[in-house]
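entry.tsv (TSV, C-alpha atoms and all ligand atoms)
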chain	number	residue	atom	x	y	z
B	1	MET	CA	-1.50	10.76	1.66
B	2	ARG	CA	0.07	7.69	3.21
B	3	LEU	CA	-1.38	4.32	2.28
B	4	VAL	CA	-0.75	1.03	4.05
B	5	SER	CA	-1.58	-2.61	3.66
B	6	PHE	CA	-2.18	-4.22	7.06
B	7	ASP	CA	-3.73	-7.12	8.97
B	8	ASN	CA	-4.03	-9.66	6.15
B	9	GLY	CA	-4.79	-7.53	3.13
B	10	ARG	CA	-6.64	-4.54	4.60
B	11	ILE	CA	-6.02	-1.13	3.06
B	12	GLY	CA	-5.58	1.92	5.25
B	13	VAL	CA	-4.79	5.62	5.25
B	14	VAL	CA	-2.29	6.80	7.85
B	15	HIS	CA	-3.20	10.10	9.45
B	16	GLU	CA	-1.73	11.58	12.63
B	17	GLY	CA	-0.27	8.30	13.80
B	18	HIS	CA	-3.43	6.33	13.21
B	19	VAL	CA	-4.53	3.88	10.53
B	20	PHE	CA	-7.98	4.44	9.07
B	21	ASP	CA	-9.31	1.22	7.56
B	22	VAL	CA	-10.65	2.04	4.09
B	23	SER	CA	-10.94	-1.55	2.85
B	24	ASP	CA	-14.73	-1.31	2.47
B	25	VAL	CA	-14.60	2.05	0.70
B	26	ALA	CA	-11.96	0.68	-1.69
B	27	GLY	CA	-13.94	-2.49	-2.33
B	28	VAL	CA	-11.19	-4.65	-0.90
B	29	VAL	CA	-12.09	-7.96	0.73
B	30	PRO	CA	-9.37	-8.72	3.30
B	31	GLY	CA	-7.85	-12.18	3.31
B	32	THR	CA	-8.58	-12.94	-0.34
B	33	TRP	CA	-5.97	-14.38	-2.66
B	34	PRO	CA	-4.26	-13.00	-4.61
B	35	PRO	CA	-3.81	-9.92	-2.42
B	36	VAL	CA	-4.37	-7.26	-5.07
B	37	GLY	CA	-6.32	-4.73	-2.98
B	38	MET	CA	-3.69	-2.02	-3.16
B	39	VAL	CA	-3.12	-2.53	-6.89
B	40	ARG	CA	-6.85	-2.05	-7.50
B	41	ALA	CA	-6.98	0.98	-5.21
B	42	ILE	CA	-4.10	2.60	-7.14
B	43	ALA	CA	-5.77	1.82	-10.47
B	44	GLN	CA	-8.99	3.53	-9.29
B	45	TRP	CA	-7.21	6.35	-7.51
B	46	GLU	CA	-8.82	9.36	-9.18
B	47	THR	CA	-12.34	8.26	-8.26
B	48	LEU	CA	-11.36	6.69	-4.95
B	49	ARG	CA	-9.35	9.55	-3.44
B	50	PRO	CA	-12.26	11.77	-2.32
B	51	ALA	CA	-14.01	8.79	-0.71
B	52	LEU	CA	-10.86	7.87	1.19
B	53	LEU	CA	-10.50	11.42	2.51
B	54	ASP	CA	-14.15	11.30	3.66
B	55	ALA	CA	-13.50	7.98	5.38
B	56	VAL	CA	-10.61	9.49	7.31
B	57	ARG	CA	-12.66	12.55	8.31
B	58	SER	CA	-15.58	10.47	9.55
B	59	GLY	CA	-13.78	7.36	10.78
B	60	THR	CA	-12.00	6.20	13.89
B	61	GLY	CA	-8.39	5.26	13.47
B	62	LEU	CA	-6.43	2.43	15.01
B	63	ALA	CA	-3.09	3.27	16.57
B	64	LEU	CA	-0.26	2.29	14.23
B	65	SER	CA	1.12	0.11	17.02
B	66	GLU	CA	-2.14	-1.91	17.06
B	67	VAL	CA	-1.86	-3.13	13.47
B	68	ARG	CA	0.60	-5.33	11.60
B	69	LEU	CA	1.83	-3.47	8.53
B	70	GLU	CA	2.44	-5.51	5.38
B	71	ALA	CA	4.24	-4.79	2.11
B	72	PRO	CA	2.19	-1.87	0.75
B	73	VAL	CA	1.87	-3.48	-2.68
B	74	GLN	CA	1.85	-7.24	-2.17
B	75	TRP	CA	1.02	-8.48	-5.66
B	76	PRO	CA	2.35	-6.08	-8.30
B	77	ASN	CA	2.63	-7.00	-11.93
B	78	LYS	CA	6.42	-6.56	-11.68
B	79	VAL	CA	9.36	-5.22	-9.69
B	80	ILE	CA	11.82	-3.42	-11.94
B	81	ALA	CA	15.28	-2.66	-10.55
B	82	PHE	CA	18.15	-0.49	-11.74
B	83	PRO	CA	21.73	-1.64	-11.07
B	84	ALA	CA	24.79	0.59	-11.07
B	85	ASN	CA	22.87	3.84	-10.85
B	86	TYR	CA	25.23	5.90	-8.66
B	87	HIS	CA	28.85	6.55	-9.72
B	88	ALA	CA	30.23	6.10	-6.20
B	89	HIS	CA	28.67	2.63	-5.90
B	90	ILE	CA	30.12	1.59	-9.27
B	91	ASP	CA	33.53	2.75	-8.04
B	92	GLU	CA	33.29	0.73	-4.83
B	93	MET	CA	32.32	-2.42	-6.73
B	94	LYS	CA	35.34	-1.95	-9.01
B	95	GLY	CA	37.48	-1.53	-5.91
B	96	VAL	CA	36.78	-5.02	-4.56
B	97	GLY	CA	38.01	-6.84	-7.63
B	98	THR	CA	34.64	-7.68	-9.08
B	99	GLY	CA	35.60	-7.18	-12.65
B	100	VAL	CA	33.02	-4.41	-12.80
B	101	ILE	CA	34.18	-1.84	-15.31
B	102	SER	CA	33.23	1.80	-15.55
B	103	SER	CA	31.19	1.25	-18.68
B	104	PHE	CA	28.78	-0.88	-16.65
B	105	LYS	CA	26.15	1.56	-15.52
B	106	ALA	CA	22.40	1.79	-15.69
B	107	SER	CA	22.42	4.36	-18.49
B	108	GLY	CA	23.95	1.80	-20.84
B	109	GLN	CA	23.12	-1.47	-19.11
B	110	GLY	CA	19.42	-1.02	-18.44
B	111	PHE	CA	17.42	-2.75	-15.73
B	112	PHE	CA	16.53	-6.19	-14.39
B	113	LEU	CA	13.57	-7.73	-12.53
B	114	LYS	CA	13.31	-9.02	-8.97
B	115	ALA	CA	10.77	-11.75	-8.25
B	116	ASN	CA	7.54	-10.30	-6.84
B	117	SER	CA	7.63	-13.08	-4.25
B	118	SER	CA	10.74	-11.48	-2.72
B	119	LEU	CA	8.57	-8.62	-1.40
B	120	SER	CA	8.17	-8.37	2.37
B	121	GLY	CA	6.89	-5.70	4.71
B	122	PRO	CA	7.98	-3.46	7.56
B	123	ALA	CA	7.02	-6.02	10.23
B	124	ASP	CA	8.88	-8.89	8.58
B	125	ALA	CA	12.42	-10.01	9.30
B	126	ILE	CA	14.93	-10.31	6.48
B	127	VAL	CA	15.74	-14.03	6.37
B	128	LEU	CA	19.21	-14.89	5.10
B	129	PRO	CA	19.64	-18.24	3.37
B	130	PRO	CA	22.34	-20.45	4.95
B	131	LEU	CA	24.96	-20.11	2.20
B	132	ALA	CA	28.45	-20.87	3.49
B	133	GLY	CA	31.12	-18.43	2.40
B	134	ARG	CA	28.74	-15.98	0.77
B	135	GLU	CA	28.14	-12.36	1.68
B	136	ILE	CA	24.58	-11.08	1.62
B	137	HIS	CA	24.46	-7.30	1.21
B	138	HIS	CA	21.97	-4.54	1.91
B	139	GLU	CA	21.20	-2.03	-0.83
B	140	CYS	CA	19.32	1.10	0.27
B	141	GLU	CA	16.92	2.22	-2.46
B	142	LEU	CA	13.98	4.46	-3.19
B	143	GLY	CA	10.95	2.50	-4.36
B	144	ILE	CA	8.84	4.22	-7.02
B	145	ILE	CA	5.21	3.07	-7.24
B	146	ILE	CA	3.64	3.39	-10.69
B	147	GLY	CA	0.14	4.88	-10.82
B	148	LYS	CA	-1.23	4.12	-14.25
B	149	ARG	CA	-0.75	1.95	-17.28
B	150	GLY	CA	1.69	3.24	-19.86
B	151	ARG	CA	3.98	2.21	-22.70
B	152	GLY	CA	6.53	4.47	-24.38
B	153	VAL	CA	6.19	7.17	-21.73
B	154	SER	CA	8.19	10.33	-22.49
B	155	HIS	CA	10.36	12.13	-19.97
B	156	ALA	CA	7.95	15.05	-20.08
B	157	ASP	CA	4.97	12.88	-19.18
B	158	SER	CA	6.76	10.67	-16.65
B	159	ARG	CA	5.77	12.50	-13.47
B	160	SER	CA	2.10	11.74	-14.00
B	161	TYR	CA	2.93	8.01	-13.92
B	162	VAL	CA	4.43	8.19	-10.44
B	163	PHE	CA	1.82	7.27	-7.86
B	164	GLY	CA	4.13	7.51	-4.90
B	165	PHE	CA	7.24	6.37	-3.10
B	166	THR	CA	8.24	3.82	-0.49
B	167	CYS	CA	11.41	2.66	1.26
B	168	LEU	CA	12.94	-0.38	-0.43
B	169	LEU	CA	15.85	-2.69	0.28
B	170	ASP	CA	17.38	-4.65	-2.58
B	171	MET	CA	19.01	-7.55	-0.72
B	172	VAL	CA	21.50	-9.60	-2.71
B	173	VAL	CA	23.80	-12.60	-2.44
B	174	ARG	CA	27.12	-11.42	-3.88
B	175	GLY	CA	28.47	-13.64	-6.61
B	176	LYS	CA	28.47	-14.19	-10.32
B	177	GLU	CA	25.33	-16.28	-10.72
B	178	GLU	CA	22.27	-14.86	-12.47
B	179	ARG	CA	21.35	-11.61	-10.79
B	180	VAL	CA	17.66	-12.46	-10.55
B	181	MET	CA	18.44	-15.59	-8.51
B	182	ARG	CA	20.85	-13.80	-6.21
B	183	LYS	CA	18.29	-11.05	-5.54
B	184	SER	CA	15.04	-13.01	-5.32
B	185	TYR	CA	15.13	-14.98	-2.08
B	186	ASP	CA	11.95	-14.52	-0.06
B	187	THR	CA	12.22	-11.31	2.04
B	188	PHE	CA	14.96	-9.90	-0.23
B	189	CYS	CA	12.76	-6.94	-1.19
B	190	PRO	CA	11.44	-5.28	1.99
B	191	THR	CA	9.15	-2.33	1.20
B	192	GLY	CA	7.20	0.11	3.34
B	193	PRO	CA	6.20	1.21	5.81
B	194	TRP	CA	3.65	2.82	3.46
B	195	ILE	CA	3.26	4.51	0.11
B	196	THR	CA	3.66	8.26	0.34
B	197	THR	CA	1.75	9.71	-2.61
B	198	ALA	CA	3.72	11.75	-5.13
B	199	ASP	CA	1.88	15.01	-4.40
B	200	GLU	CA	3.71	15.13	-1.04
B	201	ILE	CA	7.15	15.13	-2.69
B	202	ALA	CA	7.94	18.55	-4.18
B	203	ASP	CA	11.16	17.68	-5.98
B	204	PHE	CA	11.80	14.15	-7.24
B	205	ASP	CA	15.46	15.09	-7.82
B	206	ASN	CA	16.09	16.04	-4.20
B	207	ILE	CA	15.05	13.03	-2.12
B	208	GLU	CA	17.54	12.17	0.62
B	209	MET	CA	17.92	8.66	2.04
B	210	ARG	CA	20.17	6.80	4.44
B	211	LEU	CA	20.67	3.33	5.86
B	212	ARG	CA	22.07	2.22	9.19
B	213	VAL	CA	23.13	-1.21	10.40
B	214	ASN	CA	23.03	-1.63	14.18
B	215	GLY	CA	22.84	2.15	14.49
B	216	GLU	CA	25.89	2.87	12.32
B	217	GLU	CA	25.30	4.80	9.09
B	218	ARG	CA	26.41	2.81	6.05
B	219	GLN	CA	24.70	4.53	3.13
B	220	SER	CA	23.55	8.07	2.43
B	221	ALA	CA	22.46	9.56	-0.88
B	222	SER	CA	20.19	11.89	-2.78
B	223	THR	CA	18.24	11.25	-5.95
B	224	ARG	CA	20.07	14.25	-7.43
B	225	ASN	CA	23.08	11.91	-7.83
B	226	LEU	CA	21.25	9.23	-9.80
B	227	ILE	CA	22.79	8.37	-13.18
B	228	VAL	CA	19.40	7.40	-14.62
B	229	ASN	CA	16.95	9.75	-12.92
B	230	ILE	CA	13.29	9.05	-12.20
B	231	PRO	CA	11.92	10.30	-15.56
B	232	ASP	CA	14.62	8.27	-17.35
B	233	MET	CA	13.76	5.13	-15.38
B	234	ILE	CA	10.12	5.42	-16.43
B	235	ALA	CA	11.00	6.20	-20.05
B	236	MET	CA	13.49	3.31	-20.29
B	237	SER	CA	11.37	0.67	-18.60
B	238	SER	CA	8.19	1.67	-20.46
B	239	ALA	CA	10.08	1.53	-23.76
B	240	VAL	CA	10.33	-2.22	-23.14
B	241	MET	CA	7.26	-3.17	-21.17
B	242	THR	CA	3.84	-1.83	-20.32
B	243	LEU	CA	3.88	-0.31	-16.86
B	244	GLU	CA	0.87	-1.19	-14.72
B	245	PRO	CA	-0.63	0.44	-11.64
B	246	GLY	CA	1.21	-0.84	-8.58
B	247	ASP	CA	4.42	-1.73	-10.41
B	248	ILE	CA	7.49	-1.01	-8.33
B	249	ILE	CA	10.78	0.44	-9.54
B	250	ALA	CA	13.85	0.03	-7.31
B	251	SER	CA	15.99	3.01	-8.20
B	252	GLY	CA	19.47	1.63	-7.47
B	253	THR	CA	21.78	1.84	-4.51
B	254	PRO	CA	24.41	4.41	-3.56
B	255	ALA	CA	27.85	3.59	-2.17
B	256	GLY	CA	28.24	1.86	1.19
B	257	VAL	CA	26.75	-1.58	0.54
B	258	GLY	CA	27.95	-4.27	2.88
B	259	PRO	CA	27.24	-7.63	4.45
B	260	VAL	CA	24.65	-8.31	7.14
B	261	GLU	CA	24.48	-11.20	9.56
B	262	ASP	CA	22.04	-12.97	11.85
B	263	GLY	CA	21.01	-10.58	14.63
B	264	ASP	CA	21.73	-7.33	12.77
B	265	VAL	CA	19.12	-4.58	12.56
B	266	ILE	CA	18.81	-2.54	9.36
B	267	GLU	CA	17.18	0.89	9.41
B	268	ILE	CA	16.26	2.67	6.20
B	269	GLU	CA	15.02	6.25	6.21
B	270	ILE	CA	13.91	8.36	3.25
B	271	ASP	CA	13.08	11.99	3.97
B	272	GLY	CA	9.43	12.80	3.34
B	273	VAL	CA	8.67	9.15	2.57
B	274	GLY	CA	9.13	7.08	5.73
B	275	SER	CA	11.41	4.75	7.63
B	276	MET	CA	11.62	1.07	8.58
B	277	ARG	CA	13.59	-0.90	11.13
B	278	LEU	CA	14.12	-4.52	10.06
B	279	PRO	CA	15.70	-7.39	12.00
B	280	VAL	CA	17.94	-9.81	10.13
B	281	ARG	CA	17.99	-13.49	10.95
B	282	ARG	CA	19.53	-16.61	9.42
B	283	GLY	CA	17.03	-19.12	8.09
B	284	THR	CA	17.41	-22.83	7.46
B	285	VAL	CA	16.07	-23.01	3.90
B	286	GLY	CA	17.79	-21.84	0.75
B	287	ASP	CA	21.04	-23.70	0.16
B	288	HIS	CA	21.50	-25.58	-3.11
B	289	ALA	CA	24.39	-27.03	-5.08
B	290	VAL	CA	24.09	-24.15	-7.54
B	291	TRP	CA	25.90	-21.98	-4.98
B	292	ASP	CA	28.85	-24.36	-4.58
B	293	ASN	CA	30.83	-23.37	-7.67
B	294	GLU	CA	32.02	-20.05	-6.40
B	295	LYS	CA	32.49	-19.95	-2.66
B	296	VAL	CA	33.69	-16.38	-2.44
B	297	GLY	CA	32.54	-14.06	-5.14
B	298	LEU	CA	31.71	-10.43	-5.41
B	299	ALA	CA	29.93	-8.84	-8.28
B	300	VAL	CA	26.96	-6.62	-8.81
B	401	MN	MN	20.04	-2.61	-6.20
Let me see the file written as structure tokens.
Ligand code: MN
Amino acid sequence: MRLVSFDNGRIGVVHEGHVFDVSDVAGVVPGTWPPVGMVRAIAQWETLRPALLDAVRSGTGLALSEVRLEAPVQWPNKVIAFPANYHAHIDEMKGVGTGVISSFKASGQGFFLKANSSLSGPADAIVLPPLAGREIHHECELGIIIGKRGRGVSHADSRSYVFGFTCLLDMVVRGKEERVMRKSYDTFCPTGPWITTADEIADFDNIEMRLRVNGEERQSASTRNLIVNIPDMIAMSSAVMTLEPGDIIASGTPAGVGPVEDGDVIEIEIDGVGSMRLPVRRGTVGDHAVWDNEKVGLAV
């Protein structure tokens, strides 16, 4: 099943190019704050699923083009992200004089968090802060949506914690400042266009993805090449913190990261999951003296 958030907090099921509004069935009141409708729907999934299927069978859909899609999960408990999770990406970061060494990889380094407020949706532009002399890079990633609460989840049990998948971009200002600051500008975590539920993905270790900038392919990868694979990501993160329904895990980027500029268009495509086409523009807000110390810097 494909689930969307749309038109100011409504929840929908996408079927044959149409969006079926299931907000009422899911008990979601559109427009309320905080926008936790999707988180609640995921938490109640086992009981809700049959009712949603009924709603699609008996309802009338809106054309996808008639609605404004939003970040599928707008208010998760957390966004977990894995750095240095493909060998080829680690090699390219070493190659640009970043001081990154081969021992820095997700299997030994662990994960970080991106601010939830950096989430944006498939209809939103990526807004670059006006930081002189800084590169802002795209990172093409698979987003894993957690389905149920868990702590200390074993590899063997991990699959049952995966609710679904979404396309995710981990945007980042290159430099040596704290990673969370460099990766948490508003719109630095586009997700969407929907959540594809895990039952539609046969093999978690064989998910192919690619990213294009202005039509030119920059990144291409498969989850089979992850250093920390999906069960490991769930085991490692849940060793530290309780996973909650709706939590998002950004699985790390493959080789081919690079800078984007005002006017670029980024396309991300994940086979069996979905695709998004996102315009990039330069905003006016976001500079601060904290960025002045290192005008040109490249690091993870
Ligand atoms: Mn990343």
Determine, for each residue of chain B having at least one atom at most 8 Å from an atom of ligand MN 401 (chain B), the closest pair of atoms and their separation in Å to one decimal, counting all atoms listed in the file; order by chain and ascending number, as a tab-separated table.
residue	atom	partner	partner_atom	distance
B:Ala81	CA	B:MN401	MN	6.4
B:Phe82	CA	B:MN401	MN	6.2
B:Pro83	CA	B:MN401	MN	5.2
B:Ala84	CA	B:MN401	MN	7.5
B:Glu139	CA	B:MN401	MN	5.5
B:Cys140	CA	B:MN401	MN	7.5
B:Glu141	CA	B:MN401	MN	6.9
B:Leu169	CA	B:MN401	MN	7.7
B:Asp170	CA	B:MN401	MN	4.9
B:Met171	CA	B:MN401	MN	7.4
B:Val172	CA	B:MN401	MN	7.9
B:Ala250	CA	B:MN401	MN	6.8
B:Ser251	CA	B:MN401	MN	7.2
B:Gly252	CA	B:MN401	MN	4.5
B:Thr253	CA	B:MN401	MN	5.1
ask   = What does the distance from CA of Met38 in chain B to CA of Pro122 in chain B come to in Å, to one decimal?
value = 15.9 Å
query = Taking into account all atoms listed in the file, which residue in the set B:Glu216, B:Glu16, B:Asp157, B:Asp205 is nearest to Thr60 in chain B?
reply =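 Among the listed residues, the smallest separation from Thr60 in chain B belongs to B:Glu16.
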Using only C-alpha atoms, collect all residues at a distance of at most 10 Å from (24.2, 2.0, -19.7) as written in the file, then present them as an mmCIF file with C-alpha atoms, keeping the file's coordinate frame.
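Result file follows (selection-v8.cif):
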data_model
loop_
_atom_site.group_PDB
_atom_site.id
_atom_site.type_symbol
_atom_site.label_atom_id
_atom_site.label_comp_id
_atom_site.auth_asym_id
_atom_site.auth_seq_id
_atom_site.Cartn_x
_atom_site.Cartn_y
_atom_site.Cartn_z
ATOM 1 C CA PRO B 83 21.730 -1.640 -11.070
ATOM 2 C CA ALA B 84 24.790 0.590 -11.070
ATOM 3 C CA ASN B 85 22.870 3.840 -10.850
ATOM 4 C CA SER B 102 33.230 1.800 -15.550
ATOM 5 C CA SER B 103 31.190 1.250 -18.680
ATOM 6 C CA PHE B 104 28.780 -0.880 -16.650
ATOM 7 C CA LYS B 105 26.150 1.560 -15.520
ATOM 8 C CA ALA B 106 22.400 1.790 -15.690
ATOM 9 C CA SER B 107 22.420 4.360 -18.490
ATOM 10 C CA GLY B 108 23.950 1.800 -20.840
ATOM 11 C CA GLN B 109 23.120 -1.470 -19.110
ATOM 12 C CA GLY B 110 19.420 -1.020 -18.440
ATOM 13 C CA PHE B 111 17.420 -2.750 -15.730
ATOM 14 C CA ILE B 227 22.790 8.370 -13.180
ATOM 15 C CA VAL B 228 19.400 7.400 -14.620
#
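With all atoms listed in the file as the atoms that count, the minimum distance from Glu208 in chain B to the choices B:Ile136, B:Val273, B:Ala156, B:Ile146 is reached by B:Val273.
One distance worth recording is that between CA of Asn206 in chain B and CA of Leu243 in chain B, which is 24.0 Å.
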query = Hey, can you check how far CA of Ser222 in chain B sits from CA of Met209 in chain B?
reply =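 Those two atoms sit 6.2 Å apart.
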Could you complete range 164-179 of chain B so that it carries N, CA and C atoms, and give it back as a PDB file, in the coordinates of the input?
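File rebuild-v3.pdb, as written:
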ATOM      1  N   GLY B 164       3.560   7.175  -6.196  1.00  0.00           N
ATOM      2  CA  GLY B 164       4.130   7.510  -4.900  1.00  0.00           C
ATOM      3  C   GLY B 164       5.463   6.827  -4.695  1.00  0.00           C
ATOM      4  N   PHE B 165       5.910   6.883  -3.440  1.00  0.00           N
ATOM      5  CA  PHE B 165       7.240   6.370  -3.100  1.00  0.00           C
ATOM      6  C   PHE B 165       7.170   5.530  -1.828  1.00  0.00           C
ATOM      7  N   THR B 166       8.137   4.630  -1.699  1.00  0.00           N
ATOM      8  CA  THR B 166       8.240   3.820  -0.490  1.00  0.00           C
ATOM      9  C   THR B 166       9.721   3.499  -0.250  1.00  0.00           C
ATOM     10  N   CYS B 167      10.051   3.130   0.967  1.00  0.00           N
ATOM     11  CA  CYS B 167      11.410   2.660   1.260  1.00  0.00           C
ATOM     12  C   CYS B 167      11.552   1.248   0.693  1.00  0.00           C
ATOM     13  N   LEU B 168      12.725   0.936   0.175  1.00  0.00           N
ATOM     14  CA  LEU B 168      12.940  -0.380  -0.430  1.00  0.00           C
ATOM     15  C   LEU B 168      14.374  -0.832  -0.193  1.00  0.00           C
ATOM     16  N   LEU B 169      14.522  -2.086   0.177  1.00  0.00           N
ATOM     17  CA  LEU B 169      15.850  -2.690   0.280  1.00  0.00           C
ATOM     18  C   LEU B 169      15.985  -3.750  -0.802  1.00  0.00           C
ATOM     19  N   ASP B 170      17.078  -3.643  -1.565  1.00  0.00           N
ATOM     20  CA  ASP B 170      17.380  -4.650  -2.580  1.00  0.00           C
ATOM     21  C   ASP B 170      18.472  -5.540  -1.991  1.00  0.00           C
ATOM     22  N   MET B 171      18.055  -6.633  -1.349  1.00  0.00           N
ATOM     23  CA  MET B 171      19.010  -7.550  -0.720  1.00  0.00           C
ATOM     24  C   MET B 171      19.571  -8.474  -1.803  1.00  0.00           C
ATOM     25  N   VAL B 172      20.842  -8.849  -1.637  1.00  0.00           N
ATOM     26  CA  VAL B 172      21.500  -9.600  -2.710  1.00  0.00           C
ATOM     27  C   VAL B 172      22.584 -10.510  -2.144  1.00  0.00           C
ATOM     28  N   VAL B 173      22.650 -11.726  -2.676  1.00  0.00           N
ATOM     29  CA  VAL B 173      23.800 -12.600  -2.440  1.00  0.00           C
ATOM     30  C   VAL B 173      24.871 -12.190  -3.437  1.00  0.00           C
ATOM     31  N   ARG B 174      26.050 -11.791  -2.960  1.00  0.00           N
ATOM     32  CA  ARG B 174      27.120 -11.420  -3.880  1.00  0.00           C
ATOM     33  C   ARG B 174      27.653 -12.662  -4.576  1.00  0.00           C
ATOM     34  N   GLY B 175      27.977 -12.506  -5.837  1.00  0.00           N
ATOM     35  CA  GLY B 175      28.470 -13.640  -6.610  1.00  0.00           C
ATOM     36  C   GLY B 175      28.281 -13.374  -8.078  1.00  0.00           C
ATOM     37  N   LYS B 176      28.523 -14.389  -8.877  1.00  0.00           N
ATOM     38  CA  LYS B 176      28.470 -14.190 -10.320  1.00  0.00           C
ATOM     39  C   LYS B 176      27.319 -14.962 -10.966  1.00  0.00           C
ATOM     40  N   GLU B 177      26.476 -15.578 -10.153  1.00  0.00           N
ATOM     41  CA  GLU B 177      25.330 -16.280 -10.720  1.00  0.00           C
ATOM     42  C   GLU B 177      24.334 -15.256 -11.269  1.00  0.00           C
ATOM     43  N   GLU B 178      23.293 -15.747 -11.913  1.00  0.00           N
ATOM     44  CA  GLU B 178      22.270 -14.860 -12.470  1.00  0.00           C
ATOM     45  C   GLU B 178      21.776 -13.887 -11.399  1.00  0.00           C
ATOM     46  N   ARG B 179      21.721 -12.638 -11.769  1.00  0.00           N
ATOM     47  CA  ARG B 179      21.350 -11.610 -10.790  1.00  0.00           C
ATOM     48  C   ARG B 179      19.964 -11.865 -10.196  1.00  0.00           C
TER      49      ARG B 179
END
